[in-house]
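Here's model_32.pdb, which has PDB, C-alpha atoms:
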```pdb
MODEL        1
ATOM      1  CA  MET Y   1     102.906 120.634  -3.430
ATOM      2  CA  TYR Y   2     102.623 118.192  -6.265
ATOM      3  CA  GLN Y   3     102.205 118.865  -9.951
ATOM      4  CA  GLY Y   4     100.514 116.124 -11.895
ATOM      5  CA  GLY Y   5      97.286 114.185 -12.127
ATOM      6  CA  PHE Y   6      94.709 113.573  -9.399
ATOM      7  CA  ASN Y   7      95.594 109.914  -8.831
ATOM      8  CA  ASP Y   8      99.325 110.539  -8.518
ATOM      9  CA  GLY Y   9      98.725 113.632  -6.397
ATOM     10  CA  ILE Y  10      96.500 111.944  -3.838
ATOM     11  CA  ALA Y  11      98.942 109.014  -3.643
ATOM     12  CA  TYR Y  12     101.696 111.554  -2.979
ATOM     13  CA  ALA Y  13      99.547 113.153  -0.235
ATOM     14  CA  ARG Y  14      99.114 109.724   1.367
ATOM     15  CA  ASN Y  15     102.855 109.084   1.299
ATOM     16  CA  CYS Y  16     103.412 112.437   3.023
ATOM     17  CA  GLY Y  17     100.882 111.597   5.755
ATOM     18  CA  ALA Y  18      98.491 114.355   4.655
ATOM     19  CA  ILE Y  19      94.802 114.308   5.576
ATOM     20  CA  VAL Y  20      93.827 116.995   3.034
ATOM     21  CA  TYR Y  21      94.255 116.927  -0.729
ATOM     22  CA  ILE Y  22      93.515 120.134  -2.640
ATOM     23  CA  ARG Y  23      93.220 119.948  -6.387
ATOM     24  CA  SER Y  24      92.463 123.104  -8.327
ATOM     25  CA  PHE Y  25      91.289 121.635 -11.589
ATOM     26  CA  THR Y  26      88.048 120.698 -13.338
ATOM     27  CA  GLY Y  27      86.673 117.214 -13.824
ATOM     28  CA  ILE Y  28      85.529 116.525 -10.273
ATOM     29  CA  SER Y  29      83.158 113.713 -11.252
ATOM     30  CA  ASN Y  30      86.054 111.740 -12.752
ATOM     31  CA  TYR Y  31      87.790 111.463  -9.382
ATOM     32  CA  GLU Y  32      85.006 110.552  -6.941
ATOM     33  CA  ASP Y  33      85.837 106.824  -6.862
ATOM     34  CA  THR Y  34      89.540 107.369  -6.235
ATOM     35  CA  ALA Y  35      88.835 110.018  -3.595
ATOM     36  CA  GLN Y  36      86.509 107.571  -1.823
ATOM     37  CA  VAL Y  37      89.216 104.895  -1.648
ATOM     38  CA  TYR Y  38      91.730 107.281  -0.084
ATOM     39  CA  TYR Y  39      89.112 108.670   2.272
ATOM     40  CA  ASP Y  40      88.038 105.226   3.474
ATOM     41  CA  ARG Y  41      91.582 103.920   3.844
ATOM     42  CA  ASP Y  42      93.547 106.986   4.937
ATOM     43  CA  SER Y  43      91.000 109.640   5.994
ATOM     44  CA  ILE Y  44      92.248 111.981   3.266
ATOM     45  CA  LEU Y  45      89.519 114.454   2.335
ATOM     46  CA  SER Y  46      89.774 115.910  -1.175
ATOM     47  CA  PHE Y  47      88.801 119.442  -2.227
ATOM     48  CA  MET Y  48      88.176 120.691  -5.763
ATOM     49  CA  PRO Y  49      86.308 123.550  -7.440
ATOM     50  CA  LEU Y  50      82.953 122.491  -8.838
ATOM     51  CA  GLY Y  51      84.356 123.265 -12.264
ATOM     52  CA  SER Y  52      83.907 126.786 -13.653
ATOM     53  CA  ASN Y  53      84.945 130.350 -12.854
ATOM     54  CA  THR Y  54      81.966 131.718 -14.745
ATOM     55  CA  TYR Y  55      78.470 131.868 -13.285
ATOM     56  CA  GLU Y  56      76.908 128.932 -15.072
ATOM     57  CA  GLU Y  57      75.054 125.804 -14.050
ATOM     58  CA  LEU Y  58      77.159 122.666 -14.097
ATOM     59  CA  THR Y  59      76.090 119.067 -13.967
ATOM     60  CA  ALA Y  60      79.360 117.698 -12.648
ATOM     61  CA  LEU Y  61      77.779 115.653  -9.870
ATOM     62  CA  ASP Y  62      74.377 114.219  -9.065
ATOM     63  CA  THR Y  63      74.608 115.057  -5.357
ATOM     64  CA  LEU Y  64      77.133 116.212  -2.788
ATOM     65  CA  GLY Y  65      80.033 113.816  -3.047
ATOM     66  CA  ILE Y  66      83.066 112.654  -1.158
ATOM     67  CA  ILE Y  67      85.057 115.516  -2.690
ATOM     68  CA  VAL Y  68      84.225 118.916  -1.194
ATOM     69  CA  ALA Y  69      83.308 121.095  -4.180
ATOM     70  CA  SER Y  70      83.823 124.830  -3.810
ATOM     71  CA  GLY Y  71      82.894 128.052  -5.527
ATOM     72  CA  ALA Y  72      84.061 131.643  -5.084
ATOM     73  CA  GLY Y  73      82.470 134.997  -4.453
ATOM     74  CA  THR Y  74      82.257 137.961  -2.110
ATOM     75  CA  ASP Y  75      78.659 138.008  -0.874
ATOM     76  CA  SER Y  76      77.513 134.846  -2.670
ATOM     77  CA  ASN Y  77      78.914 132.271  -5.072
ATOM     78  CA  MET Y  78      79.756 133.867  -8.412
ATOM     79  CA  THR Y  79      81.298 130.809 -10.075
ATOM     80  CA  GLY Y  80      79.904 127.516 -11.357
ATOM     81  CA  TYR Y  81      76.849 126.281  -9.480
ATOM     82  CA  GLY Y  82      74.655 123.203  -9.401
ATOM     83  CA  ASN Y  83      74.520 119.763  -7.827
ATOM     84  CA  GLY Y  84      77.667 119.027  -5.885
ATOM     85  CA  LEU Y  85      78.492 122.582  -4.805
ATOM     86  CA  GLU Y  86      79.053 122.401  -1.057
ATOM     87  CA  PHE Y  87      80.605 125.723   0.024
ATOM     88  CA  TRP Y  88      81.964 128.947  -1.442
ATOM     89  CA  ASP Y  89      84.421 131.499  -0.067
ATOM     90  CA  LEU Y  90      86.642 134.438  -0.987
ATOM     91  CA  ASP Y  91      89.298 133.713  -3.562
ATOM     92  CA  ASP Y  92      92.136 135.853  -2.131
ATOM     93  CA  THR Y  93      92.789 137.655  -5.398
ATOM     94  CA  GLU Y  94      92.910 141.413  -5.694
ATOM     95  CA  ASN Y  95      91.091 141.678  -9.008
ATOM     96  CA  ALA Y  96      87.405 141.611  -9.867
ATOM     97  CA  GLU Y  97      87.492 137.980 -10.973
ATOM     98  CA  TYR Y  98      86.069 135.089  -8.977
ATOM     99  CA  LEU Y  99      88.367 132.095  -9.093
ATOM    100  CA  SER Y 100      87.093 128.952  -7.410
ATOM    101  CA  SER Y 101      90.533 127.335  -7.487
ATOM    102  CA  PHE Y 102      91.755 130.057  -5.156
ATOM    103  CA  SER Y 103      88.814 129.759  -2.760
ATOM    104  CA  ASN Y 104      89.282 126.005  -2.603
ATOM    105  CA  ALA Y 105      92.161 126.186  -0.110
ATOM    106  CA  ARG Y 106      90.222 128.564   2.145
ATOM    107  CA  VAL Y 107      87.292 126.113   2.317
ATOM    108  CA  ALA Y 108      89.736 123.293   3.099
ATOM    109  CA  ALA Y 109      91.451 125.319   5.825
ATOM    110  CA  LYS Y 110      88.150 126.148   7.506
ATOM    111  CA  LEU Y 111      87.015 122.530   7.597
ATOM    112  CA  LEU Y 112      90.434 121.439   8.845
ATOM    113  CA  LYS Y 113      90.276 124.051  11.626
ATOM    114  CA  ILE Y 114      86.888 122.678  12.750
ATOM    115  CA  LYS Y 115      88.171 119.093  12.614
ATOM    116  CA  GLN Y 116      91.369 119.782  14.525
ATOM    117  CA  THR Y 117      89.814 122.066  17.138
ATOM    118  CA  LEU Y 118      87.152 119.507  18.016
ATOM    119  CA  ASN Y 119      89.289 116.433  17.319
ATOM    120  CA  CYS Y 120      86.341 115.121  15.309
ATOM    121  CA  THR Y 121      85.822 113.213  12.079
ATOM    122  CA  TRP Y 122      85.601 114.818   8.674
ATOM    123  CA  GLU Y 123      81.901 113.906   8.636
ATOM    124  CA  GLU Y 124      81.264 115.842  11.836
ATOM    125  CA  ALA Y 125      83.293 118.833  10.636
ATOM    126  CA  ARG Y 126      81.330 118.932   7.360
ATOM    127  CA  SER Y 127      78.016 118.503   9.148
ATOM    128  CA  ARG Y 128      78.753 121.327  11.594
ATOM    129  CA  ALA Y 129      79.911 123.565   8.752
ATOM    130  CA  ARG Y 130      76.747 122.835   6.756
ATOM    131  CA  LEU Y 131      74.469 123.543   9.733
ATOM    132  CA  THR Y 132      76.095 126.867  10.587
ATOM    133  CA  ALA Y 133      77.224 128.239   7.221
ATOM    134  CA  SER Y 134      75.700 131.348   5.687
ATOM    135  CA  ASN Y 135      73.112 129.267   3.815
ATOM    136  CA  PRO Y 136      72.260 126.327   6.126
ATOM    137  CA  THR Y 137      69.634 125.069   3.670
ATOM    138  CA  TRP Y 138      71.459 123.839   0.567
ATOM    139  CA  ASP Y 139      70.635 125.429  -2.769
ATOM    140  CA  LYS Y 140      72.206 124.956  -6.175
ATOM    141  CA  TYR Y 141      73.539 128.526  -6.397
ATOM    142  CA  ASN Y 142      75.435 128.743  -3.102
ATOM    143  CA  GLY Y 143      75.557 125.212  -1.702
ATOM    144  CA  TYR Y 144      75.549 125.654   2.068
ATOM    145  CA  GLY Y 145      77.271 129.028   1.702
ATOM    146  CA  LYS Y 146      80.317 130.423   3.406
ATOM    147  CA  ILE Y 147      81.634 128.467   6.406
ATOM    148  CA  ASN Y 148      81.568 130.204   9.796
ATOM    149  CA  VAL Y 149      84.287 128.366  11.740
ATOM    150  CA  ASP Y 150      83.440 129.824  15.171
ATOM    151  CA  SER Y 151      79.750 128.946  14.812
ATOM    152  CA  ALA Y 152      80.556 125.446  13.601
ATOM    153  CA  ILE Y 153      82.853 124.812  16.565
ATOM    154  CA  ALA Y 154      80.338 126.230  19.075
ATOM    155  CA  TRP Y 155      77.336 124.395  17.584
ATOM    156  CA  THR Y 156      75.433 122.008  19.845
ATOM    157  CA  GLU Y 157      72.341 119.940  19.183
ATOM    158  CA  ASN Y 158      70.426 122.390  21.363
ATOM    159  CA  ASN Y 159      71.029 125.285  18.923
TER
ENDMDL
END
```
Mind converting the file's structure to structure tokens?
Amino acid sequence: MYQGGFNDGIAYARNCGAIVYIRSFTGISNYEDTAQVYYDRDSILSFMPLGSNTYEELTALDTLGIIVASGAGTDSNMTGYGNGLEFWDLDDTENAEYLSSFSNARVAAKLLKIKQTLNCTWEEARSRARLTASNPTWDKYNGYGKINVDSAIAWTENN
């Protein structure tokens, strides 16, 4: 755990030997370049909410980026949507709110499980998750949907 800015936090993650950096804060587009440097050099994949806990279209990113952008919901994404949204998941709160910061760690854990189980790259883990998630054709409201870890691990090119 680190409290502070994105740049200091990802540097701290590197110093700890982490391969995942979770940041629950808005402003995702401001950190793409830094996240790319740490990904290229240290294989640290960053995760952030797309940027809003209300159901509104955001223009944070032009396309899916190096940072995995998440949303939150029960049966679909109920938080900020638009370009850049990759996955959504439950937010682990017991109230009626949808908080993408809380779903962010769940999305990260699912991708990490795929990566570690298959001993694969982050690119392969993301690709498998995209192909087998609840919405395998990307759309601006749900991204690729909710990750199904078992399906992503079992996926073959013959599916």
task = Could you please determine the separation between atom CA of Leu50 of chain Y and atom CA of Ala69 of chain Y in Å, to one decimal place?
result = 4.9 Å
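Among the candidates Y:Glu32, Y:Asp89, Y:Glu97, Y:Asp150, the residue lying nearest to Ile114 of chain Y is Y:Asp150 (atoms considered: only C-alpha atoms).
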message = Here is a test: counting only C-alpha atoms, which residue of Y:Thr54, Y:Asn77, Y:Ala105, Y:Arg14 is nearest to Arg41 of chain Y?
response =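 Checking each candidate against Arg41 of chain Y, we get Y:Arg14 as the closest.
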task = Tell me which protein, DNA and RNA residues are within 12 Å of Asp40 of chain Y, counting all atoms listed in the file, leaving out same-chain ones fewer than 5 positions away, and put them as a ChimeraX atom specification.
result = /Y:19,33-35,45-46,66,121-123
Write to file, as a PDB file, in the frame of the given file, the residues of the selection just made, with C-alpha atoms.
```
ATOM      1  CA  ILE Y  19      94.802 114.308   5.576  1.00  0.00           C
ATOM      2  CA  ASP Y  33      85.837 106.824  -6.862  1.00  0.00           C
ATOM      3  CA  THR Y  34      89.540 107.369  -6.235  1.00  0.00           C
ATOM      4  CA  ALA Y  35      88.835 110.018  -3.595  1.00  0.00           C
ATOM      5  CA  LEU Y  45      89.519 114.454   2.335  1.00  0.00           C
ATOM      6  CA  SER Y  46      89.774 115.910  -1.175  1.00  0.00           C
ATOM      7  CA  ILE Y  66      83.066 112.654  -1.158  1.00  0.00           C
ATOM      8  CA  THR Y 121      85.822 113.213  12.079  1.00  0.00           C
ATOM      9  CA  TRP Y 122      85.601 114.818   8.674  1.00  0.00           C
ATOM     10  CA  GLU Y 123      81.901 113.906   8.636  1.00  0.00           C
TER      11      GLU Y 123
END
```
key: Length of the atom CA of Ser70 of chain Y to atom CA of Ser103 of chain Y vector [Å]   =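 About the pair atom CA of Ser70 of chain Y and atom CA of Ser103 of chain Y: they are 7.1 Å apart.
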task = Compile the contact shell of Ala72 of chain Y as a list in words: residues with an atom at most 7 Å away, counting only C-alpha atoms, same-chain residues fewer than 6 positions apart removed.
result = Met78, Thr79, Trp88, Asp89, Leu90, Asp91, Tyr98, Leu99, Ser100 and Ser103 of chain Y
